[in-house]
Amino acid sequence: MRKYGPICIGAVISLLFTGTAANSQPPGSTVLCQSYPDSGQCVAGDAQCTICHTVPPERNPFGAAVSAELAPGETRPLPTSTFVAALPDALHAVESADADGDGVSNLDEILAGSLPGDPGSTPGAAACPRAGSNPDYAVCAYDPAYAFKKMMLDFCGHSPTWDDMEAFRALADETAQRQHIATGLATCLDSEFWLGKDGELWRIAHPKVRPLQALKMGDDRGTIPLADYYDDYNLFVYTQIDDHDARDVLLADYFVQRNGTVYTRVDELTGQNMQRDRRAGFLTTNWFLVYNIMFAPLPRAAAARAYRSFLGLDIARLQGLDPEPGELVDYDGKNVTAPACRVCHSTLDPLSYAFSNYNGVTGRRPEWGTYNPARLERYFPDQNPTLYEMPENGVVLGQPVSNLNEWVQVAAASDAFARTTVLDYWRHLLKREPLTAELPVVASLIEAFRGRHNYSVEAMLHEFVQSEVYGAP
Amino acid sequence: MHRSATLWIIILIAVTFAVSACSSGSPPPNADPPGEPEDIRSPKATVQFKGNRRLNNDLARALGLPGERVCTELGRLPCTSQVHVITLGGVEPYRLGLQRPLAHTSATTPIAVDRVVMFACRERADEDLADPGNALIYAELSITGGRLAVDEPSVANAIDRLYKRGLLRPATAAEVGHLRQLYRDIEATDSQAPARDWAVLACFAVMSSMEQLFY
């Protein structure tokens with residue numbers, strides 16, 4: 001119960017304050033994005049619960065206004081099907097109003113990506129001054145000198161020298177300067193600062209790996225060595241460099257070794273036990289399975305970690321909830337079918353089934369981090385009989401999958417994966433979320449990443465660095 | 001007056017000087033004259049603090065120091081990669097579980113920055129003044145009895161080198177004038193080595209400026 005306790009407890013607390021968990025309707029964000037596909041909320045990420053809620057299921061003024069228009073006369077709580085059918089009309093009914101009184105209509109806020117129920121959130125598009133000048137920077141336009149220095153700091157970790165800047169300024173025109181920036185970026189992308197141990201790519205990986213030195217095997221061994229997470233960093237970095245396919249972070253059936261700044265793909269690696277045909281990149285390394293599954297028969301934490309790290313969907317924040325219409329089965333006897341728990345578990349549990357035959361730290365050490373189709377029977381005897389009826393097939397992003405290999409195929413092909421990858425770099429480089437006016441650039445980068453860049457992070461970064469978002473002071 | 005007290009006064013002067021250059025109370029050196037339209041400002045204004053790694057790298061390159069000589073505490077612990085990592089915007093994911101940098105600089109960040117920059121500037125100044133023939137920044141200065149001939153062109157050249165190496169631009173006439181005045185202010189105290197103190201603090205003023213620390 002410990003592992004799932006916080007989710008259920010949170011939902012129960014919400015229930016106590018609001019009367020019924022059915023007040024928070026997980027498909028709401030999905031329906032909103034279907035109604036307003038060009039909304040900034042939907043371009044830059046999964047629509048946030050805070051469009052309608054303060055802390056779900058408590059509603060903000062916009063949520064309250066929508067609720068008043070939602071299937072009036074129907075008995076509350078509304079069945080999910082009624083809620084989904086009625087929500088578009090309710091949203092349209094309040095478009096022209098200004099629920100939070102900030103002077104911007106609900107519709108304009110939804111389209112711009114700001115929050116129509118929060119007066120502190122407005123489109124606030126960064127408007128460029130119409131007149132005037134700046135002798136030092138090309139404010140509101142791509143400033144090559146500014147971009148050059150910023151690129152050097154971001155990717156090489158230091159400023160150019162005075163001589164570098166003089167040579168840059170002496171270039172014939174902006175085209176030549178942009179080419180110089182591209183050449184410099186290519187060099188910096190191979191630098192120790194960017195891809196070396198504890199470099200910038202490692203920093204992007206930290207929240208995904210979640211290292212814990214005390215449990216580390218291999219180099220820098222900890223006091224209770226269980227697995228070597230350096231392998232996870234190495235795999236992550238390899239998939240982000242040299243025009244490698246970033247989807248391999250989920251799809252790889254190989255491992256990666258590092259020597260300095262050189263990352264080399266290998267088929268087998270000491271300390272990694274997973275059978276090749278059951279590998280799913282980052283999600284089946286020894287560290288990921290040992291740390292995220294541990295002794296859990298139903299590895300919800302592993303599934304939730306994967307969902308958050310690579311698809312940008314945090315179930316603890318009610319993101320990415322996509323309940324299956326079928327019956328939720330309480331295979332491990334944790335009472336997940338209780339109304340307060342069902343809100344999340346109707347998505348989380350089907351998301352987790354595909355991990356159920358992957359072993360954490362049960363059994364002997366050579367069995368850690370392996371796939372075993374009889375895992376539940378072997379390592380968890382004498383449990384609730386329904387545990388052994390748990391299927392391996394589940395659901396991710398609304399699509400049925402029969403095992404983890406299919407799970408990662410769906411995930412890697414999804415909008416959510418491409419969006420999360422691009423936004424990882426956006427946030428790392430700009431230290432902020434996209435502004436409303438920048439949302440089309442985000443969408444363009446995602447489209448290019450999936451299309452002409454063929455999932456190459458470095459190609460995406462080249463385009464990013466040449467954009468006004470990056471190069472305008 | 002004790003030497004430490006003198007040093008604090010000098011630091012106070014330098015900080016006052018540095019802060020005044022950025023405050024709204026007095027116009028920056030290249031500000032528009034009264035009556036002229038102001039320079040337009042970036043509507044985004046999304047400058048970033050360089051953080052521990054970039055700060056160390058830039059100080060090392062600007063002041064011609066090996067990275068490990070930029071700053072140490074207790075003579076052996078590296079400031080930016082060990083002692084002040086979190087304060088300077090770094091992470092420590094392995095033992096502390098701090099996987100992302102703090103969202104904002106902390107109350108002690110300016111103190112840590114000051115210590116790092118002061119240490120690096122002291123290293124540069126002492127090395128240059130000990131071996132003027134090979135000086136990187138403070139070359140050809142005329143120093144007699146610890147006092148600097150501040151109006152000589154070599155002082156303006158040294159200041160210009162500071163700006164070019166640290167801020168990637170030449171010093172303006174006003175900035176040269178400010179740093180010359182800084183020397184006069186220092187000399188007016190009972191500093192026993194005003195030329196050396198000035199070399200450290202002129203470097204400190206430039207290398208701890210917003211223009212240097214943010215990008």
# chains A, B, ... in the order shown; residues from 1 in each chain; ligands from 1
call {"tool": "interface_residues", "arguments": {"of": "chain B", "to": "chain A", "cutoff": "9 Å", "atoms": "only C-alpha atoms", "output": "PyMOL selection string"}}
result
chain B and resi 37-48+50+53-58+61-62+91+93-100+103+164-169+215
call {"tool": "write_last_selection", "arguments": {"atoms": "C-alpha atoms", "output": "PDB file, in the first residue's frame"}}
result
ATOM      1  CA  PRO B  37      14.718  59.061 -26.150  1.00  0.00           C
ATOM      2  CA  GLU B  38      15.616  56.055 -24.040  1.00  0.00           C
ATOM      3  CA  ASP B  39      17.032  52.954 -25.681  1.00  0.00           C
ATOM      4  CA  ILE B  40      14.228  50.491 -26.269  1.00  0.00           C
ATOM      5  CA  ARG B  41      14.282  47.504 -23.969  1.00  0.00           C
ATOM      6  CA  SER B  42      13.776  43.843 -24.604  1.00  0.00           C
ATOM      7  CA  PRO B  43      10.168  42.940 -23.871  1.00  0.00           C
ATOM      8  CA  LYS B  44      11.293  39.446 -22.902  1.00  0.00           C
ATOM      9  CA  ALA B  45      14.094  40.429 -20.543  1.00  0.00           C
ATOM     10  CA  THR B  46      14.943  36.811 -19.975  1.00  0.00           C
ATOM     11  CA  VAL B  47      18.547  37.108 -18.964  1.00  0.00           C
ATOM     12  CA  GLN B  48      20.006  34.179 -17.079  1.00  0.00           C
ATOM     13  CA  LYS B  50      25.613  32.085 -15.617  1.00  0.00           C
ATOM     14  CA  ARG B  53      30.212  26.208 -14.205  1.00  0.00           C
ATOM     15  CA  ARG B  54      29.948  29.064 -16.691  1.00  0.00           C
ATOM     16  CA  LEU B  55      31.015  31.601 -14.066  1.00  0.00           C
ATOM     17  CA  ASN B  56      34.148  29.631 -13.303  1.00  0.00           C
ATOM     18  CA  ASN B  57      34.927  29.072 -16.971  1.00  0.00           C
ATOM     19  CA  ASP B  58      34.459  32.722 -17.896  1.00  0.00           C
ATOM     20  CA  ARG B  61      39.340  32.650 -19.509  1.00  0.00           C
ATOM     21  CA  ALA B  62      38.950  36.363 -18.852  1.00  0.00           C
ATOM     22  CA  VAL B  91      22.873  20.599  -8.807  1.00  0.00           C
ATOM     23  CA  PRO B  93      21.668  14.745  -7.726  1.00  0.00           C
ATOM     24  CA  TYR B  94      23.709  11.843  -6.418  1.00  0.00           C
ATOM     25  CA  ARG B  95      23.775  12.410  -2.674  1.00  0.00           C
ATOM     26  CA  LEU B  96      21.328  15.235  -2.031  1.00  0.00           C
ATOM     27  CA  GLY B  97      18.755  14.345  -4.660  1.00  0.00           C
ATOM     28  CA  LEU B  98      18.829  17.896  -6.007  1.00  0.00           C
ATOM     29  CA  GLN B  99      18.258  17.062  -9.651  1.00  0.00           C
ATOM     30  CA  ARG B 100      17.367  20.535 -10.858  1.00  0.00           C
ATOM     31  CA  ALA B 103      14.421  28.118  -9.436  1.00  0.00           C
ATOM     32  CA  LYS B 164      37.457  43.461 -23.455  1.00  0.00           C
ATOM     33  CA  ARG B 165      38.406  40.259 -21.675  1.00  0.00           C
ATOM     34  CA  GLY B 166      35.486  40.325 -19.253  1.00  0.00           C
ATOM     35  CA  LEU B 167      32.662  42.020 -21.110  1.00  0.00           C
ATOM     36  CA  LEU B 168      33.812  41.580 -24.729  1.00  0.00           C
ATOM     37  CA  ARG B 169      33.670  45.297 -25.451  1.00  0.00           C
ATOM     38  CA  TYR B 215      23.593  36.485 -20.263  1.00  0.00           C
TER      39      TYR B 215
END
call {"tool": "closest_residue", "arguments": {"among": "A:Gly271, A:Glu58, A:Val396, A:Pro88", "to": "A:Gly320", "atoms": "only C-alpha atoms"}}
result
A:Val396
call {"tool": "select_by_dssp", "arguments": {"residues": "stretch 3-206 of chain B", "states": "alpha helix (DSSP H)", "output": "MDAnalysis selection string"}}
result
chainID B and resid 3:22 51:62 109:130 153:167 173:188 194:206
call {"tool": "residues_around", "arguments": {"residues": "A:Gly471", "least_positions_apart": "4", "cutoff": "7 Å", "atoms": "only C-alpha atoms", "output": "list in words"}}
result
Tyr142, Asp143, Pro144, Tyr146, Ala147, Val465, Gln466 and Ser467 of chain A
call {"tool": "residues_around", "arguments": {"residues": "A:Ala304", "least_positions_apart": "5", "cutoff": "12 Å", "atoms": "only C-alpha atoms", "output": "number ranges by chain"}}
result
A: 3-4, 7, 208, 283, 292-293, 298-299, 309-321, 344-345, 347-353, 355, 396
call {"tool": "closest_residue", "arguments": {"among": "B:Met207, B:Pro170, B:Leu65, B:Gly177", "to": "B:Leu136", "atoms": "only C-alpha atoms"}}
result
B:Leu65
call {"tool": "atom_distance", "arguments": {"atom1": "atom CA of A:Glu447", "atom2": "atom CA of A:Ala418"}}
result
8.4 Å
call {"tool": "residues_around", "arguments": {"residues": "A:Ser456", "least_positions_apart": "4", "cutoff": "8 Å", "atoms": "only C-alpha atoms", "output": "JSON, numbers by chain"}}
result
{"A": [240, 241, 242, 243, 244, 245, 246, 449, 460]}
call {"tool": "write_last_selection", "arguments": {"atoms": "N, CA, C and O atoms", "output": "compact mmCIF listing (two decimals), in the first residue's frame"}}
result
# COMPACT_ATOMS: atom_id res chain seq x y z
N GLN A 240 20.79 11.32 -27.77
CA GLN A 240 20.57 12.76 -27.98
C GLN A 240 21.65 13.39 -28.87
O GLN A 240 21.61 14.60 -29.10
N ILE A 241 22.63 12.61 -29.28
CA ILE A 241 23.77 13.21 -29.99
C ILE A 241 23.95 12.59 -31.37
O ILE A 241 23.37 11.54 -31.68
N ASP A 242 24.76 13.30 -32.18
CA ASP A 242 25.24 12.75 -33.46
C ASP A 242 24.12 12.28 -34.39
O ASP A 242 24.25 11.28 -35.08
N ASP A 243 23.02 12.99 -34.38
CA ASP A 243 21.89 12.63 -35.25
C ASP A 243 21.34 11.24 -34.99
O ASP A 243 20.71 10.63 -35.87
N HIS A 244 21.59 10.71 -33.79
CA HIS A 244 20.94 9.44 -33.44
C HIS A 244 19.45 9.67 -33.26
O HIS A 244 19.01 10.80 -33.02
N ASP A 245 18.69 8.62 -33.36
CA ASP A 245 17.24 8.70 -33.24
C ASP A 245 16.88 8.78 -31.76
O ASP A 245 17.11 7.82 -31.00
N ALA A 246 16.31 9.91 -31.36
CA ALA A 246 16.00 10.12 -29.94
C ALA A 246 14.99 9.11 -29.42
O ALA A 246 14.91 8.87 -28.21
N PHE A 449 11.02 18.28 -35.63
CA PHE A 449 11.72 17.20 -34.94
C PHE A 449 11.18 15.84 -35.40
O PHE A 449 11.96 14.92 -35.68
N MET A 460 17.36 19.47 -34.30
CA MET A 460 16.34 20.33 -33.70
C MET A 460 17.01 21.53 -33.01
O MET A 460 16.54 22.67 -33.10
call {"tool": "atom_distance", "arguments": {"atom1": "atom CA of A:Val237", "atom2": "atom CA of A:Glu192"}}
result
12.2 Å
call {"tool": "closest_residue", "arguments": {"among": "B:Asp131, B:Arg122, B:Ile186, B:Phe49", "to": "B:Pro110", "atoms": "only C-alpha atoms"}}
result
B:Phe49
call {"tool": "atom_distance", "arguments": {"atom1": "atom CA of A:Leu289", "atom2": "atom CA of A:Glu327"}}
result
28.0 Å
call {"tool": "select_by_dssp", "arguments": {"residues": "stretch 127-360 of chain A", "states": "strand (DSSP E or B)", "output": "list in words"}}
result
Lys216, Ala227, Phe255, Val256, Gln257, Arg258, Asn259, Val262, Tyr263, Thr264, Arg265, Val266 and Tyr358 of chain A
call {"tool": "write_last_selection", "arguments": {"atoms": "N, CA, C and O atoms", "output": "CSV table (one decimal), in the first residue's frame"}}
result
chain,number,residue,atom,x,y,z
A,216,LYS,N,24.6,2.8,-5.7
A,216,LYS,CA,25.2,2.6,-7.0
A,216,LYS,C,26.3,1.5,-7.0
A,216,LYS,O,27.0,1.3,-6.1
A,227,ALA,N,22.7,-1.3,-8.5
A,227,ALA,CA,22.7,-1.2,-9.9
A,227,ALA,C,23.5,0.1,-10.3
A,227,ALA,O,23.7,0.9,-9.5
A,255,PHE,N,23.0,-1.3,-25.3
A,255,PHE,CA,23.5,-0.4,-24.2
A,255,PHE,C,24.6,0.5,-24.7
A,255,PHE,O,24.9,0.4,-25.9
A,256,VAL,N,25.1,1.3,-23.9
A,256,VAL,CA,26.1,2.3,-24.3
A,256,VAL,C,27.2,2.4,-23.3
A,256,VAL,O,26.9,2.4,-22.0
A,257,GLN,N,28.4,2.4,-23.8
A,257,GLN,CA,29.6,2.7,-22.9
A,257,GLN,C,30.1,4.0,-23.2
A,257,GLN,O,30.0,4.5,-24.3
A,258,ARG,N,30.7,4.6,-22.1
A,258,ARG,CA,31.3,5.9,-22.3
A,258,ARG,C,32.8,5.9,-22.0
A,258,ARG,O,33.2,5.2,-21.0
A,259,ASN,N,33.6,6.6,-22.9
A,259,ASN,CA,35.0,6.8,-22.6
A,259,ASN,C,35.3,8.3,-22.8
A,259,ASN,O,35.4,8.7,-24.0
A,262,VAL,N,33.3,10.1,-25.6
A,262,VAL,CA,32.9,9.2,-26.6
A,262,VAL,C,31.9,8.1,-26.1
A,262,VAL,O,32.2,7.4,-25.2
A,263,TYR,N,30.7,8.1,-26.7
A,263,TYR,CA,29.7,7.1,-26.3
A,263,TYR,C,29.6,6.0,-27.4
A,263,TYR,O,29.4,6.4,-28.6
A,264,THR,N,29.7,4.8,-27.0
A,264,THR,CA,29.7,3.7,-28.0
A,264,THR,C,28.6,2.7,-27.7
A,264,THR,O,28.5,2.3,-26.5
A,265,ARG,N,27.9,2.3,-28.7
A,265,ARG,CA,26.8,1.4,-28.6
A,265,ARG,C,27.4,0.0,-28.5
A,265,ARG,O,28.3,-0.4,-29.2
A,266,VAL,N,26.9,-0.8,-27.5
A,266,VAL,CA,27.3,-2.2,-27.4
A,266,VAL,C,26.1,-3.1,-27.2
A,266,VAL,O,25.0,-2.6,-26.7
A,358,TYR,N,8.5,-7.7,-15.4
A,358,TYR,CA,9.9,-7.2,-15.3
A,358,TYR,C,10.2,-7.1,-13.8
A,358,TYR,O,9.5,-6.6,-13.0
call {"tool": "residues_around", "arguments": {"residues": "stretch 105-109 of chain B", "least_positions_apart": "4", "cutoff": "12 Å", "atoms": "only C-alpha atoms", "output": "ChimeraX atom specification"}}
result
/B:48-52,80,84-90,101,113-116,208,213-214
call {"tool": "write_last_selection", "arguments": {"atoms": "C-alpha atoms", "output": "PDB file, in the first residue's frame"}}
result
ATOM      1  CA  GLN B  48      20.006  34.179 -17.079  1.00  0.00           C
ATOM      2  CA  PHE B  49      22.565  33.914 -14.324  1.00  0.00           C
ATOM      3  CA  LYS B  50      25.613  32.085 -15.617  1.00  0.00           C
ATOM      4  CA  GLY B  51      25.700  29.672 -12.727  1.00  0.00           C
ATOM      5  CA  ASN B  52      28.624  27.857 -11.188  1.00  0.00           C
ATOM      6  CA  THR B  80      32.270  26.584  -7.806  1.00  0.00           C
ATOM      7  CA  HIS B  84      29.109  26.876  -3.329  1.00  0.00           C
ATOM      8  CA  VAL B  85      27.593  24.600  -5.983  1.00  0.00           C
ATOM      9  CA  ILE B  86      23.934  24.863  -5.012  1.00  0.00           C
ATOM     10  CA  THR B  87      24.118  28.545  -4.122  1.00  0.00           C
ATOM     11  CA  LEU B  88      25.580  29.279  -7.534  1.00  0.00           C
ATOM     12  CA  GLY B  89      22.838  27.441  -9.416  1.00  0.00           C
ATOM     13  CA  GLY B  90      24.360  23.982  -9.650  1.00  0.00           C
ATOM     14  CA  PRO B 101      18.921  23.861  -9.901  1.00  0.00           C
ATOM     15  CA  VAL B 113      29.680  35.346  -6.275  1.00  0.00           C
ATOM     16  CA  ASP B 114      31.605  38.076  -4.495  1.00  0.00           C
ATOM     17  CA  ARG B 115      33.929  35.550  -2.898  1.00  0.00           C
ATOM     18  CA  VAL B 116      34.599  33.776  -6.178  1.00  0.00           C
ATOM     19  CA  SER B 208      30.985  41.131 -10.721  1.00  0.00           C
ATOM     20  CA  LEU B 213      27.282  37.590 -14.463  1.00  0.00           C
ATOM     21  CA  PHE B 214      24.187  37.335 -16.644  1.00  0.00           C
TER      22      PHE B 214
END
call {"tool": "residues_around", "arguments": {"residues": "B:Glu123", "least_positions_apart": "2", "cutoff": "9 Å", "atoms": "only C-alpha atoms", "output": "list in words"}}
result
Leu63, Leu65, Arg69, Val70, Cys71, Met118, Phe119, Ala120, Cys121, Ala125, Asp126, Glu127, Asp128 and Val200 of chain B
call {"tool": "write_last_selection", "arguments": {"atoms": "all heavy atoms", "output": "mmCIF file, in the first residue's frame"}}
result
data_model
loop_
_atom_site.group_PDB
_atom_site.id
_atom_site.type_symbol
_atom_site.label_atom_id
_atom_site.label_comp_id
_atom_site.auth_asym_id
_atom_site.auth_seq_id
_atom_site.Cartn_x
_atom_site.Cartn_y
_atom_site.Cartn_z
ATOM 1 N N LEU B 63 40.522 36.048 -17.039
ATOM 2 C CA LEU B 63 41.657 36.431 -16.200
ATOM 3 C C LEU B 63 42.878 35.543 -16.444
ATOM 4 O O LEU B 63 43.882 35.658 -15.717
ATOM 5 C CB LEU B 63 41.254 36.385 -14.722
ATOM 6 C CG LEU B 63 40.087 37.313 -14.356
ATOM 7 C CD1 LEU B 63 39.716 37.185 -12.889
ATOM 8 C CD2 LEU B 63 40.430 38.769 -14.689
ATOM 9 N N LEU B 65 43.452 32.347 -15.984
ATOM 10 C CA LEU B 65 43.796 31.462 -14.870
ATOM 11 C C LEU B 65 43.364 30.033 -15.204
ATOM 12 O O LEU B 65 42.350 29.838 -15.879
ATOM 13 C CB LEU B 65 43.066 31.889 -13.594
ATOM 14 C CG LEU B 65 43.364 33.284 -13.048
ATOM 15 C CD1 LEU B 65 42.355 33.630 -11.944
ATOM 16 C CD2 LEU B 65 44.781 33.342 -12.498
ATOM 17 N N ARG B 69 42.262 27.405 -10.305
ATOM 18 C CA ARG B 69 42.819 28.520 -9.533
ATOM 19 C C ARG B 69 41.849 29.691 -9.405
ATOM 20 O O ARG B 69 42.162 30.696 -8.765
ATOM 21 C CB ARG B 69 44.119 29.014 -10.181
ATOM 22 C CG ARG B 69 45.377 28.311 -9.641
ATOM 23 C CD ARG B 69 46.625 28.940 -10.199
ATOM 24 N NE ARG B 69 46.745 30.358 -9.859
ATOM 25 C CZ ARG B 69 47.558 31.204 -10.490
ATOM 26 N NH1 ARG B 69 48.315 30.773 -11.495
ATOM 27 N NH2 ARG B 69 47.629 32.468 -10.130
ATOM 28 N N VAL B 70 40.698 29.570 -9.994
ATOM 29 C CA VAL B 70 39.753 30.699 -9.944
ATOM 30 C C VAL B 70 39.348 31.005 -8.506
ATOM 31 O O VAL B 70 39.325 32.158 -8.083
ATOM 32 C CB VAL B 70 38.512 30.404 -10.805
ATOM 33 C CG1 VAL B 70 37.382 31.392 -10.518
ATOM 34 C CG2 VAL B 70 38.880 30.456 -12.279
ATOM 35 N N CYS B 71 39.034 29.962 -7.749
ATOM 36 C CA CYS B 71 38.647 30.204 -6.357
ATOM 37 C C CYS B 71 38.701 28.911 -5.561
ATOM 38 O O CYS B 71 38.199 27.883 -6.017
ATOM 39 C CB CYS B 71 37.231 30.781 -6.286
ATOM 40 S SG CYS B 71 36.608 31.008 -4.607
ATOM 41 N N MET B 118 36.227 37.891 -6.171
ATOM 42 C CA MET B 118 37.316 38.540 -5.429
ATOM 43 C C MET B 118 38.564 37.657 -5.416
ATOM 44 O O MET B 118 39.695 38.140 -5.597
ATOM 45 C CB MET B 118 36.852 38.828 -3.995
ATOM 46 C CG MET B 118 37.888 39.557 -3.147
ATOM 47 S SD MET B 118 38.202 41.230 -3.750
ATOM 48 C CE MET B 118 36.804 42.105 -3.055
ATOM 49 N N PHE B 119 38.358 36.373 -5.204
ATOM 50 C CA PHE B 119 39.498 35.451 -5.167
ATOM 51 C C PHE B 119 40.218 35.456 -6.519
ATOM 52 O O PHE B 119 41.446 35.568 -6.596
ATOM 53 C CB PHE B 119 39.010 34.037 -4.829
ATOM 54 C CG PHE B 119 40.113 33.088 -4.443
ATOM 55 C CD1 PHE B 119 40.331 32.768 -3.110
ATOM 56 C CD2 PHE B 119 40.937 32.517 -5.406
ATOM 57 C CE1 PHE B 119 41.351 31.886 -2.749
ATOM 58 C CE2 PHE B 119 41.960 31.642 -5.050
ATOM 59 C CZ PHE B 119 42.173 31.326 -3.717
ATOM 60 N N ALA B 120 39.435 35.344 -7.592
ATOM 61 C CA ALA B 120 40.038 35.285 -8.928
ATOM 62 C C ALA B 120 40.764 36.590 -9.253
ATOM 63 O O ALA B 120 41.871 36.581 -9.818
ATOM 64 C CB ALA B 120 38.965 35.000 -9.972
ATOM 65 N N CYS B 121 40.149 37.695 -8.901
ATOM 66 C CA CYS B 121 40.773 38.989 -9.197
ATOM 67 C C CYS B 121 42.057 39.175 -8.392
ATOM 68 O O CYS B 121 43.038 39.754 -8.873
ATOM 69 C CB CYS B 121 39.789 40.124 -8.899
ATOM 70 S SG CYS B 121 38.475 40.250 -10.140
ATOM 71 N N ALA B 125 45.616 39.969 -10.094
ATOM 72 C CA ALA B 125 46.332 41.202 -9.741
ATOM 73 C C ALA B 125 47.702 40.884 -9.160
ATOM 74 O O ALA B 125 48.712 41.488 -9.545
ATOM 75 C CB ALA B 125 45.497 42.012 -8.753
ATOM 76 N N ASP B 126 47.741 39.934 -8.253
ATOM 77 C CA ASP B 126 49.022 39.607 -7.612
ATOM 78 C C ASP B 126 50.012 39.054 -8.637
ATOM 79 O O ASP B 126 51.207 39.378 -8.592
ATOM 80 C CB ASP B 126 48.800 38.589 -6.486
ATOM 81 C CG ASP B 126 48.149 39.239 -5.265
ATOM 82 O OD1 ASP B 126 48.125 40.487 -5.215
ATOM 83 O OD2 ASP B 126 47.660 38.508 -4.386
ATOM 84 N N GLU B 127 49.527 38.241 -9.540
ATOM 85 C CA GLU B 127 50.437 37.665 -10.534
ATOM 86 C C GLU B 127 50.966 38.743 -11.476
ATOM 87 O O GLU B 127 52.154 38.776 -11.803
ATOM 88 C CB GLU B 127 49.705 36.571 -11.329
ATOM 89 C CG GLU B 127 50.636 35.690 -12.135
ATOM 90 C CD GLU B 127 49.926 34.437 -12.613
ATOM 91 O OE1 GLU B 127 49.358 33.710 -11.776
ATOM 92 O OE2 GLU B 127 49.923 34.197 -13.837
ATOM 93 N N ASP B 128 50.070 39.628 -11.905
ATOM 94 C CA ASP B 128 50.494 40.692 -12.815
ATOM 95 C C ASP B 128 51.484 41.641 -12.143
ATOM 96 O O ASP B 128 52.491 42.041 -12.741
ATOM 97 C CB ASP B 128 49.282 41.502 -13.293
ATOM 98 C CG ASP B 128 48.563 40.816 -14.444
ATOM 99 O OD1 ASP B 128 48.994 39.709 -14.830
ATOM 100 O OD2 ASP B 128 47.566 41.378 -14.939
ATOM 101 N N VAL B 200 42.925 44.841 -7.719
ATOM 102 C CA VAL B 200 41.968 43.798 -7.318
ATOM 103 C C VAL B 200 40.543 44.309 -7.481
ATOM 104 O O VAL B 200 39.668 43.637 -8.058
ATOM 105 C CB VAL B 200 42.220 43.374 -5.851
ATOM 106 C CG1 VAL B 200 41.115 42.427 -5.376
ATOM 107 C CG2 VAL B 200 43.584 42.721 -5.711
#
